[in-house]
Every structure is written in C-alpha cells, then in structure tokens.
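What follows is one structure encoded as structure tokens, with my remarks underneath.
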Amino acid sequence: MNCLLKKKKNFLVNLRKMINFLIFLIVLGILIFVHEFGHFIVAKKTNVPVEEFAIGFPPRLISKKIGDTIYSLNLILFGGYVKIRGENDPEDPIGFLNQPSYKKLLITLAGVIFNLLLAYLIFSIGYLIGLPEYQKEAKEVTITQVMQNSPAEKAGLKMGDKLIYFRVNNNIYYFEKPEEVKEKIKPYIGKEIILGIKRGVNSFEVKVIPRNTDAPIGIGIASIGLVKYSFPQNFYYGLVKTYEGIKAIIFAFKDFFSRLLKERKVAKEVVGPLGIYDIYTQMRTLGINYFLHFIAIISLNLFIINLIPFPGLDGGRLIIYLGEAISRRKIPYMAEVITNSIGLILLITLMIIITIKDILVKIKK
C-alpha cells in the first residue's frame with residue numbers, strides 16, 4: 001500500500017514538473033512569436049514579399065496559402081518564424097536584400113519593438129492587479145538573492161521567499177525592515193536558529209546556523225510589496241516601469257561585459273536557459289503578480305539583447321543597413337554572411353559556457 005502511494009506521489013510530482021516545463025516553453029514561445037510577428041507585419045505593411053509565416057516549427061500540421069504567403073501551423077509549438085522572400089538570395093530583384101535600406105531597417109527593428117511593446121503592455125495590465133516593487137513602508141522582508149554555499153542555500157531558501165521571523169529557545173523575533181535582519185541575528189552567530197518563511201501561500205520553518213560574515217545567513221534582502229494603479233494611470237506607470245527596467249538591464253549588461261573583459265570569466269549572477277527556468281519556477285510559486293513581472297522582464301531582455309550591435313543579432317544587421325543608408329552603397333552579400341556567421345558562432349559559444357556554468361552550479365548543490 002505504501003509502495004503504491006509512493007509511486008502515485010512520484011508520478012504526480014513528475015507530472016507537475018512536466019506541466020511546469022511545458023508552460024515555460026509556451027511562455028518563451030510566445031515571446032519569440034511576438035518578435036517574429038513584428039518582422040512579419042512590418043514586411044507586409046511595407047509591401048516586402050513574405051513567403052511563409054509559421055506558428056511553431058516543423059513538421060507542418062496544416063497550412064493555407066493566402067496571396068503570396070503560406071500560413072502554417074507546425075507540430076513543435078515553440079515560437080514561430082517568418083520567411084521573407086530573398087533573405088538569402090542577392091539575385092532576387094524584389095527580395096529582401098534588394099529592398100531599399102529604410103525598409104530593411106524597419107523590418108529588422110520591428111521584432112525588438114514588438115518585444116518592447118509586449119513588456120509595456122504586461123506592465124500596464126499587471127499594475128491593475130499589483131506588481132512587485134521595492135517599498136520602504138512594506139511590512140515584509142523579501143529575499144532578493146541567495147548566495148552560493150550559504151546557510152540559506154543549504155536550507156533551501158529561494159529568491160522571492162518572505163523572511164517573517166526567527167525563533168530561538170521559544171522566543172520569536174519578527175522582521176519588518178531589511179536592516180533589522182542582520183542586527184537581530186548577529187548575537188546568534190554560530191548557533192542554530194529557526195527561520196519562519198512564507199513562499200507564495202505556503203508558510204514553513206527552516207534551521208540555519210548564521211556565520212560571521214557581512215551576510216550571516218547568505219541572503220540579499222529588500223522590502224517588496226505589490227503596487228496597484230487604477231485605469232488609466234496604469235498605462236503611465238507601465239511606461240515608467242518599462243523605462244526603469246530598460247535602464248536596469250543596460251547597467252547589468254554593462255557590468256557583465258566589463259567583468260567579462262577584465263576578469264575573462266562569466267559572473268555567477270549571469271544565467272542561461274537553465275538559470276532562467278529556475279527563476280521561472282520560483283516566480284510561479286509566488287503568484288501571478290510575480291509571474292507577469294518575470295515575463296515582462298524577459299521580454300525587455302530580448303529587446304536589449306537583440307539591439308546589441310553584434311554580428312548575428314538584429315542590432316548587428318541594423319548597423320549594416322544603417323551603413324548602407326548613409327553611404328548609399330550595398331555591403332557585399334558574402335561579407336555580411338561571413339560576419340553574421342562568425343557572430344553566431346561566438347554567441348553560441350558564450351551560451352554554451354553560461355549553460356555549463358549553470359549545470360556545474362546545480363551539480364555543486
């Protein structure tokens with residue numbers, strides 16, 4: 001009987017993990033789809049021929065040709081793609097490569113603009129139900145970072161958990177402000193204490209032994225509360241949130257490249273697909289408010305990343321087409337292909353390095 005219950009429990013746990021992973025793929029797919037839809041709709045509006053617009057990736061399930069464009073639904077429902085005529089054919093007189101520079105600029109820029117608009121829309125709608133923000137007056141202390149090999153990490157604490165109290169010898173000490181945490185825990189360095197944690201709708205306790213460092217239990221903390229704005233104020237504050245998000249991401253990327261060039265290593269705070277998935281699972285447990293905020297931030301990241309003027313990214317192509325517009329001379333097709341190919345190889349290499357780092361972090365845990 002116990003064996004059957006255990007098997008059933010394991011099955012339900014694995015099923016939940018599978019569903020969680022599928023939702024993660026769908027979310028990423030939507031962000032990719034929105035990006036590709038931007039390229040598609042602007043190509044259509046500027047009368048540049050589009051051969052195919054697809055939802056998902058092959059094998060193809062159904063398709064219908066309307067005008068010169070094939071609209072298809074594919075089996076792998078992860079994002080989609082747009083196939084613009086003449087993207088790889090410099091001999092096609094009406095293909096993409098032989099279109100005026102301004103059209104190529106508009107079509108290339110459209111993908112990132114749609115990711116930006118999606119983030120703004122999510123922030124604006126999110127404010128109607130509440131989005132997480134730093135607040136001095138918030139009465140809860142939220143964990144914003146869990147340091148590697150720290151007492152908090154070993155106890156299973158996660159980003160987004162609420163630190164409510166700690167308990168020693170049946171005495172309970174509540175936290176209301178981040179600055180209280182270190183001060184109240186300091187007298188118990190090297191002694192076991194019990195932390196009261198709230199994660200989403202669940203509350204539980206964990207045991208930790210604070211260490212004699214600047215972060216005794218190994219966490220970054222802040223006062224975070226859910227902020228709401230009524231219609232139509234939500235659209236203004238959605239714009240403010242979008243601007244603040246872009247600014248924060250730009251500073252983060254500046255720090256990333258600075259450390260990469262100076263120290264020649266990827267900072268531990270930088271994560272790849274595995275790290276993003278871990279953050280996603282945490283945001284889901286915290287509720288729809290944090291989940292929407294997460295999606296909007298990822299969309300803003302796609303906006304910024306694709307604008308980086310690096311070969312293989314939209315930003316690299318924008319530089320090429322801007323150069324063509326200014327000089328009124330086309331860059332040789334093979335030069336563009338070689339440049340973009342080298343850029344893609346470097347990007348894939350960097351992604352592999354980051355993914356290996358994520359895997360090693362998981363193994364160490």
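To be explicit about the labels: the chains of the structure tokens are called A, B, and onward in the order shown, and within each one the residues are counted from 1, while ligands get numbers from 1 in the order they are shown.
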- Task: DSSP on the backbone, then: every residue of stretch 143-287 of chain A marked strand (DSSP E or B), written as a PyMOL selection string.
- Result: chain A and resi 143-146+162-168+171-174+193-199+202-208+219-227
- Message: Taking 4 positions as the minimum chain separation for residues in the same chain, which residues sit within 7 Å of stretch 176-190 of chain A when counting only C-alpha atoms? Answer as a list in words.
- Response: Lys139, Glu140, Val141, Ile209, Pro210, Arg211, Asn212, Pro216, Ile221, Ala222 and Ser223 of chain A
Dump as a PDB file, in the first residue's frame, selection limited to N, CA and C atoms:
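Produced file selection_1.pdb, reproduced below:
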```pdb
ATOM      1  N   LYS A 139       5.795  45.877   5.001  1.00  0.00           N
ATOM      2  CA  LYS A 139       5.974  45.227   6.301  1.00  0.00           C
ATOM      3  C   LYS A 139       6.525  43.812   6.171  1.00  0.00           C
ATOM      4  N   GLU A 140       7.018  43.466   4.995  1.00  0.00           N
ATOM      5  CA  GLU A 140       7.600  42.144   4.782  1.00  0.00           C
ATOM      6  C   GLU A 140       9.008  42.286   4.220  1.00  0.00           C
ATOM      7  N   VAL A 141       9.887  41.377   4.601  1.00  0.00           N
ATOM      8  CA  VAL A 141      11.260  41.367   4.099  1.00  0.00           C
ATOM      9  C   VAL A 141      11.369  40.244   3.072  1.00  0.00           C
ATOM     10  N   ILE A 209      22.433  28.008  10.619  1.00  0.00           N
ATOM     11  CA  ILE A 209      23.449  28.448  11.576  1.00  0.00           C
ATOM     12  C   ILE A 209      24.137  29.671  10.977  1.00  0.00           C
ATOM     13  N   PRO A 210      23.832  30.873  11.468  1.00  0.00           N
ATOM     14  CA  PRO A 210      24.436  32.097  10.918  1.00  0.00           C
ATOM     15  C   PRO A 210      25.960  32.058  11.042  1.00  0.00           C
ATOM     16  N   ARG A 211      26.635  32.633  10.052  1.00  0.00           N
ATOM     17  CA  ARG A 211      28.088  32.669  10.047  1.00  0.00           C
ATOM     18  C   ARG A 211      28.573  34.101  10.299  1.00  0.00           C
ATOM     19  N   ASN A 212      29.828  34.245  10.632  1.00  0.00           N
ATOM     20  CA  ASN A 212      30.387  35.556  10.977  1.00  0.00           C
ATOM     21  C   ASN A 212      30.867  36.283   9.713  1.00  0.00           C
ATOM     22  N   PRO A 216      25.165  37.120   7.362  1.00  0.00           N
ATOM     23  CA  PRO A 216      25.224  35.954   8.265  1.00  0.00           C
ATOM     24  C   PRO A 216      24.554  34.689   7.745  1.00  0.00           C
ATOM     25  N   ILE A 221      18.391  41.031   0.737  1.00  0.00           N
ATOM     26  CA  ILE A 221      17.006  41.260   1.142  1.00  0.00           C
ATOM     27  C   ILE A 221      16.555  42.677   0.806  1.00  0.00           C
ATOM     28  N   ALA A 222      15.254  42.859   0.710  1.00  0.00           N
ATOM     29  CA  ALA A 222      14.667  44.177   0.467  1.00  0.00           C
ATOM     30  C   ALA A 222      13.203  44.139   0.885  1.00  0.00           C
ATOM     31  N   SER A 223      12.650  45.322   1.062  1.00  0.00           N
ATOM     32  CA  SER A 223      11.215  45.418   1.347  1.00  0.00           C
ATOM     33  C   SER A 223      10.476  45.525   0.017  1.00  0.00           C
TER      34      SER A 223
END
```
- Task: Name the residues in contact with A:Lys104 at a cut-off of 8 Å, using only C-alpha atoms, excluding same-chain residues fewer than 6 positions from it; report them as number ranges by chain.
- Result: A: 96-97, 321
Using C-alpha atoms, can you export the residues from the last selection as a short mmCIF file (atom, residue, chain, number, x, y, z; two decimals), in the first residue's frame?
```cif
data_model
loop_
_atom_site.label_atom_id
_atom_site.label_comp_id
_atom_site.auth_asym_id
_atom_site.auth_seq_id
_atom_site.Cartn_x
_atom_site.Cartn_y
_atom_site.Cartn_z
CA PHE A 96 14.59 41.42 -49.01
CA LEU A 97 18.28 42.03 -49.79
CA TYR A 321 21.60 48.54 -43.13
#
```
- Shortest interatomic distance to A:His293 - which of A:Lys241, A:Lys198, A:Arg167, A:Lys44, counting only C-alpha atoms: A:Lys241
- Note on the structure: Between A:Val208, A:Val201, A:Ala43, A:Leu121, smallest distance to A:Leu106 by only C-alpha atoms belongs to A:Ala43
- Task: Apply DSSP to the backbone of this structure and, from stretch 124-224 of chain A, keep only the residues in alpha helix (DSSP H); write these as an MDAnalysis selection string.
- Result: chainID A and resid 124:129 151:154 178:185
Pull N, CA and C atoms from the residues just selected and write them as a compact mmCIF listing (two decimals), in the first residue's frame.
```txt
# COMPACT_ATOMS: atom_id res chain seq x y z
N SER A 124 1.61 47.35 -17.80
CA SER A 124 0.41 48.18 -17.65
C SER A 124 -0.77 47.37 -17.12
N ILE A 125 -0.97 46.19 -17.69
CA ILE A 125 -2.06 45.32 -17.22
C ILE A 125 -1.75 44.81 -15.82
N GLY A 126 -0.48 44.49 -15.58
CA GLY A 126 -0.06 43.98 -14.28
C GLY A 126 -0.35 44.94 -13.15
N TYR A 127 -0.23 46.23 -13.41
CA TYR A 127 -0.48 47.22 -12.36
C TYR A 127 -1.93 47.24 -11.90
N LEU A 128 -2.82 46.74 -12.73
CA LEU A 128 -4.24 46.68 -12.33
C LEU A 128 -4.46 45.66 -11.22
N ILE A 129 -3.60 44.62 -11.16
CA ILE A 129 -3.74 43.61 -10.10
C ILE A 129 -2.60 43.68 -9.09
N PRO A 151 24.37 29.33 4.31
CA PRO A 151 23.37 28.64 5.13
C PRO A 151 21.97 28.69 4.52
N ALA A 152 21.65 29.82 3.87
CA ALA A 152 20.32 29.95 3.25
C ALA A 152 20.15 28.98 2.09
N GLU A 153 21.19 28.84 1.24
CA GLU A 153 21.11 27.92 0.11
C GLU A 153 20.99 26.48 0.60
N LYS A 154 21.79 26.13 1.61
CA LYS A 154 21.74 24.77 2.15
C LYS A 154 20.39 24.45 2.79
N PRO A 178 14.42 45.37 6.29
CA PRO A 178 15.65 44.63 5.96
C PRO A 178 16.81 44.88 6.93
N GLU A 179 16.95 46.15 7.36
CA GLU A 179 18.09 46.48 8.23
C GLU A 179 18.00 45.79 9.60
N GLU A 180 16.82 45.29 9.96
CA GLU A 180 16.67 44.61 11.25
C GLU A 180 17.28 43.20 11.25
N VAL A 181 17.35 42.60 10.07
CA VAL A 181 17.71 41.18 9.98
C VAL A 181 19.11 40.91 10.54
N LYS A 182 20.12 41.60 10.00
CA LYS A 182 21.50 41.37 10.44
C LYS A 182 21.67 41.70 11.92
N GLU A 183 21.04 42.81 12.35
CA GLU A 183 21.19 43.26 13.74
C GLU A 183 20.60 42.26 14.73
N LYS A 184 19.43 41.70 14.39
CA LYS A 184 18.76 40.78 15.30
C LYS A 184 19.41 39.40 15.32
N ILE A 185 20.00 39.01 14.16
CA ILE A 185 20.61 37.67 14.07
C ILE A 185 22.04 37.66 14.61
```
- Item | Minimum-distance residue to A:Ile298, chosen among A:Ile276, A:Arg85, A:Ile319, A:Asn74 (using only C-alpha atoms) |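 Checking each candidate against A:Ile298, we get A:Ile276 as the closest.
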- Message: Neighbouring residues of A:Gly160 were defined as those with any atom within 8 Å, considering only C-alpha atoms; residues of the same chain fewer than 4 positions away were excluded. Please report them as a ChimeraX atom specification.
- Response: /A:142-144,199,282-283,286
